[in-house]
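Q: Structure: target.cif, mmCIF, C-alpha atoms.
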```cif
data_work
loop_
_atom_site.label_atom_id
_atom_site.label_comp_id
_atom_site.auth_asym_id
_atom_site.auth_seq_id
_atom_site.Cartn_x
_atom_site.Cartn_y
_atom_site.Cartn_z
CA MET A 7 106.36 124.08 94.81
CA THR A 8 104.08 124.63 97.73
CA ALA A 9 101.52 122.04 98.65
CA GLY A 10 98.80 124.38 97.40
CA GLU A 11 95.35 122.96 97.83
CA THR A 12 96.71 119.52 98.58
CA VAL A 13 96.53 118.47 102.18
CA LEU A 14 99.87 117.22 103.45
CA GLU A 15 98.49 114.32 105.41
CA GLU A 16 100.52 111.73 107.22
CA ILE A 17 100.05 108.27 105.82
CA ASN A 18 100.10 105.52 108.41
CA CYS A 19 101.32 102.06 107.48
CA SER A 20 101.31 98.89 109.53
CA PRO A 21 103.43 95.81 108.88
CA ILE A 22 101.60 92.95 107.15
CA GLY A 23 104.41 90.62 108.26
CA PHE A 24 108.12 90.28 108.90
CA VAL A 25 111.18 88.95 107.06
CA ARG A 26 113.13 86.13 108.71
CA SER A 27 116.56 86.03 107.12
CA PRO A 28 120.12 84.97 108.01
CA PHE A 29 121.20 88.64 108.03
CA THR A 30 120.90 89.98 111.54
CA ARG A 31 122.52 93.35 110.93
CA ALA A 32 123.14 95.67 108.00
CA THR A 33 126.89 95.15 107.91
CA GLY A 34 127.67 92.17 105.67
CA THR A 35 124.20 92.00 104.10
CA PRO A 36 124.16 91.90 100.28
CA ILE A 37 123.22 95.30 98.94
CA GLN A 38 120.77 93.95 96.38
CA PRO A 39 118.91 90.67 95.75
CA ILE A 40 121.35 89.57 93.04
CA GLY A 41 124.07 89.80 95.69
CA GLY A 42 121.96 87.53 97.87
CA SER A 43 121.66 84.92 95.14
CA ASP A 44 120.25 81.71 96.56
CA VAL A 45 120.12 83.04 100.12
CA GLU A 46 116.93 81.56 101.57
CA ALA A 47 114.61 83.42 103.86
CA THR A 48 110.94 83.61 104.76
CA VAL A 49 108.30 86.26 105.01
CA GLU A 50 105.94 85.50 107.88
CA ILE A 51 102.63 87.14 107.10
CA LEU A 52 100.37 88.05 110.02
CA GLU A 53 97.42 85.71 110.28
CA GLU A 54 94.86 88.37 109.53
CA TYR A 55 96.43 89.08 106.12
CA ALA A 56 97.14 85.48 105.04
CA PRO A 57 93.94 85.17 102.93
CA GLY A 58 95.42 87.86 100.65
CA LEU A 59 98.19 85.44 99.61
CA SER A 60 96.04 83.11 97.53
CA ASP A 61 97.05 82.81 93.85
CA LEU A 62 100.43 84.38 94.57
CA GLU A 63 102.28 81.06 94.37
CA GLY A 64 101.91 81.00 90.57
CA PHE A 65 104.33 83.92 90.33
CA SER A 66 108.02 83.04 90.30
CA HIS A 67 109.07 86.50 91.54
CA ILE A 68 107.49 89.00 93.89
CA VAL A 69 108.12 92.61 94.82
CA LEU A 70 108.54 93.21 98.53
CA LEU A 71 108.05 96.70 99.91
CA TYR A 72 109.39 97.05 103.41
CA HIS A 73 110.53 99.43 106.09
CA PHE A 74 114.27 100.04 106.56
CA HIS A 75 113.73 99.71 110.30
CA HIS A 76 117.44 99.83 111.19
CA CYS A 77 117.85 103.17 109.51
CA MET A 78 117.23 106.14 111.77
CA THR A 79 118.45 109.01 109.60
CA THR A 80 117.53 110.73 106.37
CA SER A 81 120.08 112.27 103.99
CA LEU A 82 119.26 113.85 100.66
CA LYS A 83 122.84 113.33 99.43
CA VAL A 84 124.55 109.99 99.84
CA LYS A 85 127.71 108.23 98.77
CA PRO A 86 126.34 105.00 97.25
CA PHE A 87 128.14 101.70 97.72
CA LEU A 88 129.24 101.73 94.10
CA ASP A 89 130.55 105.28 93.91
CA ASP A 90 132.84 107.78 95.57
CA VAL A 91 130.75 110.74 94.54
CA GLU A 92 127.77 112.09 96.47
CA ARG A 93 124.49 111.48 94.65
CA GLY A 94 120.92 112.59 95.26
CA VAL A 95 119.31 109.93 97.42
CA PHE A 96 116.47 109.41 94.90
CA ALA A 97 119.12 108.41 92.32
CA THR A 98 120.20 105.59 94.65
CA ARG A 99 118.68 102.69 96.57
CA ALA A 100 120.22 103.84 99.88
CA PRO A 101 118.04 103.34 102.97
CA VAL A 102 118.55 106.88 104.30
CA ARG A 103 115.73 108.16 102.06
CA PRO A 104 112.64 110.00 103.24
CA ASN A 105 110.02 107.45 104.37
CA HIS A 106 112.68 104.69 104.56
CA ILE A 107 110.82 102.37 102.17
CA GLY A 108 112.82 99.56 100.59
CA MET A 109 111.94 97.50 97.53
CA SER A 110 113.33 94.13 96.47
CA VAL A 111 112.35 91.74 93.71
CA VAL A 112 112.90 88.25 95.12
CA ARG A 113 112.28 84.71 93.95
CA LEU A 114 109.24 82.97 95.45
CA ASP A 115 109.83 79.25 96.03
CA ARG A 116 106.58 78.28 97.72
CA ILE A 117 103.97 79.38 100.22
CA GLU A 118 102.99 77.35 103.27
CA GLY A 119 100.10 78.88 105.18
CA GLY A 120 101.18 82.40 105.98
CA THR A 121 104.87 81.71 105.27
CA LEU A 122 106.51 82.70 101.99
CA HIS A 123 109.74 80.87 101.21
CA ILE A 124 111.88 83.24 99.21
CA ARG A 125 115.39 83.36 97.71
CA ASP A 126 117.82 85.98 96.46
CA VAL A 127 117.34 88.03 99.57
CA ASP A 128 119.14 91.20 100.65
CA ILE A 129 116.88 92.02 103.59
CA ILE A 130 117.71 92.13 107.29
CA ASP A 131 116.02 89.75 109.76
CA GLY A 132 112.99 91.29 111.44
CA THR A 133 112.28 93.78 108.64
CA PRO A 134 108.62 94.87 108.65
CA VAL A 135 106.95 94.14 105.30
CA LEU A 136 104.47 96.74 104.03
CA ASP A 137 103.28 95.16 100.79
CA ILE A 138 103.76 92.23 98.43
CA LYS A 139 103.07 92.55 94.72
CA PRO A 140 103.43 90.02 91.92
CA HIS A 141 106.42 90.80 89.69
CA ILE A 142 105.04 91.27 86.16
CA PRO A 143 107.84 91.77 83.61
CA ARG A 144 105.52 93.35 81.05
CA ILE A 145 104.68 96.09 83.53
CA ASP A 146 107.83 96.33 85.63
CA CYS A 147 110.50 95.92 82.95
CA PRO A 148 110.10 98.48 80.18
CA GLY A 149 113.10 97.16 78.27
CA LYS A 150 116.30 98.95 77.48
CA ALA A 151 116.92 101.57 80.11
CA ARG A 152 119.65 104.10 80.75
CA VAL A 153 121.07 103.77 84.26
CA GLY A 154 122.82 107.11 84.73
CA TRP A 155 125.74 107.10 87.16
CA LEU A 156 125.46 103.31 87.47
CA GLU A 157 126.44 102.81 83.81
CA GLY A 158 129.20 100.21 83.69
CA LYS A 159 128.99 99.63 87.45
CA GLU A 160 125.87 97.47 87.47
CA PRO A 161 127.76 94.16 87.23
CA LEU A 162 129.42 94.98 90.55
CA VAL A 163 126.14 95.20 92.43
CA GLY A 164 126.20 91.48 93.19
CA GLU A 165 129.73 91.58 94.58
CA LEU A 166 129.29 94.09 97.32
CA ARG A 167 128.28 93.71 100.93
CA ASP A 168 126.86 96.38 103.20
CA ASP A 169 129.66 98.00 105.19
CA GLY A 170 127.26 99.60 107.63
CA HIS A 171 127.93 103.13 106.41
CA PHE A 172 124.25 104.03 106.20
CA LEU A 173 123.52 103.13 109.81
CA GLY A 174 122.49 106.31 111.51
CA MET B 19 102.18 83.52 113.18
CA THR B 20 101.93 85.95 116.03
CA ALA B 21 104.09 89.02 116.08
CA GLY B 22 106.18 87.38 118.82
CA GLU B 23 108.93 89.58 120.08
CA THR B 24 108.56 91.98 117.20
CA VAL B 25 106.93 95.26 118.06
CA LEU B 26 104.04 96.03 115.74
CA GLU B 27 104.80 99.67 115.32
CA GLU B 28 102.97 102.05 113.07
CA ILE B 29 105.15 103.46 110.32
CA ASN B 30 104.38 107.04 109.42
CA CYS B 31 105.02 108.30 105.92
CA SER B 32 104.75 111.82 104.53
CA PRO B 33 104.41 112.73 100.87
CA ILE B 34 107.64 113.92 99.22
CA GLY B 35 105.56 115.41 96.40
CA PHE B 36 102.46 114.99 94.25
CA VAL B 37 101.61 113.69 90.80
CA ARG B 38 100.01 116.12 88.35
CA SER B 39 98.36 114.08 85.61
CA PRO B 40 95.46 114.36 83.16
CA PHE B 41 93.57 111.67 85.09
CA THR B 42 91.34 113.34 87.64
CA ARG B 43 89.50 110.24 88.79
CA ALA B 44 90.06 106.51 88.85
CA THR B 45 87.42 105.70 86.26
CA GLY B 46 89.03 105.84 82.81
CA THR B 47 92.61 105.87 84.07
CA PRO B 48 94.90 103.26 82.47
CA ILE B 49 95.41 100.39 84.87
CA GLN B 50 99.16 100.19 84.30
CA PRO B 51 101.88 102.42 82.83
CA ILE B 52 101.94 100.53 79.52
CA GLY B 53 98.25 101.45 79.17
CA GLY B 54 99.23 105.07 79.71
CA SER B 55 101.82 104.94 76.97
CA ASP B 56 103.00 108.44 76.12
CA VAL B 57 100.63 110.11 78.57
CA GLU B 58 102.63 113.01 79.99
CA ALA B 59 102.50 114.08 83.59
CA THR B 60 104.69 115.63 86.24
CA VAL B 61 105.77 114.85 89.74
CA GLU B 62 106.10 118.04 91.76
CA ILE B 63 108.59 117.39 94.53
CA LEU B 64 108.32 119.48 97.69
CA GLU B 65 111.08 122.06 97.86
CA GLU B 66 112.69 120.54 100.93
CA TYR B 67 113.28 117.23 99.12
CA ALA B 68 114.43 118.61 95.74
CA PRO B 69 118.19 118.27 96.53
CA GLY B 70 117.63 114.50 96.62
CA LEU B 71 116.83 114.54 92.88
CA SER B 72 120.35 115.22 91.65
CA ASP B 73 121.82 112.56 89.35
CA LEU B 74 118.37 111.05 88.77
CA GLU B 75 118.06 112.53 85.27
CA GLY B 76 120.59 110.02 83.90
CA PHE B 77 118.06 107.25 84.42
CA SER B 78 115.51 106.72 81.64
CA HIS B 79 113.01 105.03 83.96
CA ILE B 80 112.09 105.50 87.58
CA VAL B 81 110.03 103.63 90.12
CA LEU B 82 107.36 105.70 91.82
CA LEU B 83 105.91 104.54 95.12
CA TYR B 84 102.75 106.39 96.00
CA HIS B 85 99.63 106.37 98.11
CA PHE B 86 96.34 105.23 96.54
CA HIS B 87 94.66 108.19 98.15
CA HIS B 88 91.29 107.68 96.43
CA CYS B 89 91.00 104.20 97.83
CA MET B 90 89.29 104.04 101.20
CA THR B 91 88.79 100.29 101.61
CA THR B 92 90.89 97.16 102.04
CA SER B 93 89.88 93.76 100.67
CA LEU B 94 91.98 90.63 100.88
CA LYS B 95 90.15 89.07 97.93
CA VAL B 96 89.58 91.03 94.76
CA LYS B 97 88.34 90.51 91.23
CA PRO B 98 91.21 91.95 89.15
CA PHE B 99 90.54 93.92 85.98
CA LEU B 100 91.80 91.03 83.89
CA ASP B 101 89.91 88.23 85.52
CA ASP B 102 86.46 87.09 86.60
CA VAL B 103 87.78 85.04 89.49
CA GLU B 104 88.52 86.37 92.97
CA ARG B 105 92.26 86.46 93.71
CA GLY B 106 94.27 87.19 96.82
CA VAL B 107 95.00 90.91 96.79
CA PHE B 108 98.77 90.30 97.06
CA ALA B 109 98.58 88.38 93.76
CA THR B 110 97.21 91.53 92.09
CA ARG B 111 98.08 95.20 91.74
CA ALA B 112 94.65 96.33 92.99
CA PRO B 113 94.63 99.45 95.18
CA VAL B 114 92.44 97.93 97.90
CA ARG B 115 95.51 96.35 99.53
CA PRO B 116 96.62 96.89 103.12
CA ASN B 117 98.69 100.09 103.32
CA HIS B 118 97.37 101.25 99.90
CA ILE B 119 100.85 101.63 98.40
CA GLY B 120 101.07 101.77 94.62
CA MET B 121 104.12 101.21 92.43
CA SER B 122 104.67 102.28 88.82
CA VAL B 123 107.74 102.18 86.60
CA VAL B 124 107.50 105.30 84.40
CA ARG B 125 109.68 106.97 81.80
CA LEU B 126 111.60 110.02 82.98
CA ASP B 127 111.91 112.68 80.27
CA ARG B 128 113.67 115.44 82.18
CA ILE B 129 113.87 117.24 85.50
CA GLU B 130 113.41 120.99 85.90
CA GLY B 131 114.04 122.15 89.43
CA GLY B 132 111.71 120.11 91.60
CA THR B 133 109.55 118.99 88.66
CA LEU B 134 109.94 115.58 87.06
CA HIS B 135 108.48 115.28 83.58
CA ILE B 136 107.32 111.71 83.17
CA ARG B 137 105.52 109.58 80.58
CA ASP B 138 103.64 106.28 80.47
CA VAL B 139 101.61 107.27 83.46
CA ASP B 140 98.69 105.44 85.08
CA ILE B 141 98.43 107.61 88.16
CA ILE B 142 95.60 109.89 89.26
CA ASP B 143 96.15 113.65 89.61
CA GLY B 144 97.01 114.70 93.15
CA THR B 145 98.45 111.34 94.17
CA PRO B 146 100.90 111.69 97.08
CA VAL B 147 104.34 110.30 96.17
CA LEU B 148 106.20 108.44 98.92
CA ASP B 149 109.45 107.54 97.19
CA ILE B 150 111.33 107.66 93.90
CA LYS B 151 113.93 105.05 93.00
CA PRO B 152 116.03 104.65 89.88
CA HIS B 153 114.85 101.70 87.76
CA ILE B 154 117.82 99.33 87.45
CA PRO B 155 117.03 96.40 85.12
CA ARG B 156 119.84 94.26 86.53
CA ILE B 157 118.21 94.46 89.95
CA ASP B 158 114.54 94.85 89.14
CA CYS B 159 114.20 92.46 86.21
CA PRO B 160 115.40 88.97 87.11
CA GLY B 161 114.64 87.62 83.63
CA LYS B 162 112.13 85.00 82.67
CA ALA B 163 109.37 84.94 85.24
CA ARG B 164 106.19 82.94 85.67
CA VAL B 165 103.15 85.20 86.06
CA GLY B 166 100.57 82.85 87.58
CA TRP B 167 96.95 83.69 86.85
CA LEU B 168 98.08 86.47 84.48
CA GLU B 169 99.62 83.95 82.08
CA GLY B 170 98.38 84.77 78.57
CA LYS B 171 96.49 87.83 79.83
CA GLU B 172 99.48 90.16 80.15
CA PRO B 173 99.15 91.58 76.61
CA LEU B 174 95.70 92.89 77.57
CA VAL B 175 97.03 95.04 80.41
CA GLY B 176 97.63 97.97 78.06
CA GLU B 177 94.10 97.86 76.65
CA LEU B 178 92.11 98.27 79.81
CA ARG B 179 90.88 101.34 81.60
CA ASP B 180 89.86 101.62 85.22
CA ASP B 181 86.10 101.12 85.52
CA GLY B 182 86.03 102.48 89.06
CA HIS B 183 85.21 99.14 90.64
CA PHE B 184 87.86 99.49 93.36
CA LEU B 185 86.53 102.80 94.63
CA GLY B 186 85.40 102.20 98.15
#
```
Let me see whether you can do it: turn the structure in this file into structure tokens.

A:
Amino acid sequence: MTAGETVLEEINCSPIGFVRSPFTRATGTPIQPIGGSDVEATVEILEEYAPGLSDLEGFSHIVLLYHFHHCMTTSLKVKPFLDDVERGVFATRAPVRPNHIGMSVVRLDRIEGGTLHIRDVDIIDGTPVLDIKPHIPRIDCPGKARVGWLEGKEPLVGELRDDGHFLG
Amino acid sequence: MTAGETVLEEINCSPIGFVRSPFTRATGTPIQPIGGSDVEATVEILEEYAPGLSDLEGFSHIVLLYHFHHCMTTSLKVKPFLDDVERGVFATRAPVRPNHIGMSVVRLDRIEGGTLHIRDVDIIDGTPVLDIKPHIPRIDCPGKARVGWLEGKEPLVGELRDDGHFLG
């Protein structure tokens, strides 16, 4: 398609805070939250945004959207961690995607001031956070889903660690 | 917290495509995908990004990240559709959040070239799409979750329509 009448504007985002986690580089970091089971970390929300956190503590899980700030390249075809075949990047969770936005559902333990104590973390220290949403199973989990090339490989997701092969 | 040693950079995003849906304005649009059950729409991916779509068709559900482009304001406290009490914006899915990024899990029917045919849509026509990820229940659905202020109100999510009250 062409953009037609739609204006192709740039969309500017600013961090609302930063992740503080034990993972200081991509290599060795779990590749998904279930691989980071029980790893504790925090999200430090900038003071100006802290009032937006009220009522969030009632949710046991939250969705973090963040910037893959260690990733400098974009590839439309990638070899995912769980496969030897090249896949379209939108059929994977690889960081080398356009816009470099990552998403993780993590467990929320508690909130102290502007600090979220979270678990099950697969996110590198210093990662800029763009948004926090409550995880709502009725909305986010439509039930039985086909998982394409991941069929039968899903159980392995928790076993793997980042080998740094997406670092550009 | 203060940003400390972390550089507060702007993060620039560009649309990878646009939603074409029957909803031309916020008012009347379902407030979540389950309210848009069986509503058909498309995502038209820009030609340059289409190679990234390969292997996506095997997934029955996808996560769309998009820009709430009709929303011009940010509020840290909002009255959600399902409540009469003001809540922190990060404890809601309201569009008036910092960075105005929306997230919907939708059903993927099929892909033709750069066009994704999707269902269960709650997204306004012309919405710029920032990312597409495969929905992977093992990663995205951690099981039983507490839903805070939404407890007992979740079943109503599908009934409601946008009344335009977040339009700034």

Q: Pull out every residue of chain A sitting within 7 Å of chain B, counting only C-alpha atoms, and send them as number ranges by chain.

A: A: 7-8, 14-21, 38-40, 50, 52-53, 57-62, 64-67, 82-83, 93-99, 105, 111, 136, 138-140, 142-147, 151-155, 160

Q: Expand the PyMOL selection byres ((chain B and resi 38) around 6) into the explicit residue set it covers here, and present it as JSON, numbers by chain.

A: {"B": [37, 39, 59, 60, 143, 144]}

Q: For atom CA of Val127 of chain A and atom CA of His76 of chain A, determine how far apart the two atoms are, in Å to one decimal place.

A: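 Rounded to one decimal, the two atoms are 16.6 Å apart.
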
Q: Rounded to one decimal in Å, what is the spacing between atom CA of Asp126 of chain A and atom CA of Cys77 of chain A?

A: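 Between atom CA of Asp126 of chain A and atom CA of Cys77 of chain A the gap works out to 21.6 Å.
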
Q: Of the candidates A:Pro86, A:Phe74, A:Thr80, A:Glu46, which shows the shortest atom-to-atom distance to His123 of chain A, using all atoms listed in the file?

A: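 Looking only at the distances to His123 of chain A, the closest residue turns out to be A:Glu46.
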
Q: Between atom CA of Pro28 of chain A and atom CA of Lys85 of chain A, measure the distance and give it in Å to one decimal.

A: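 We find that atom CA of Pro28 of chain A and atom CA of Lys85 of chain A lie 26.2 Å from each other.
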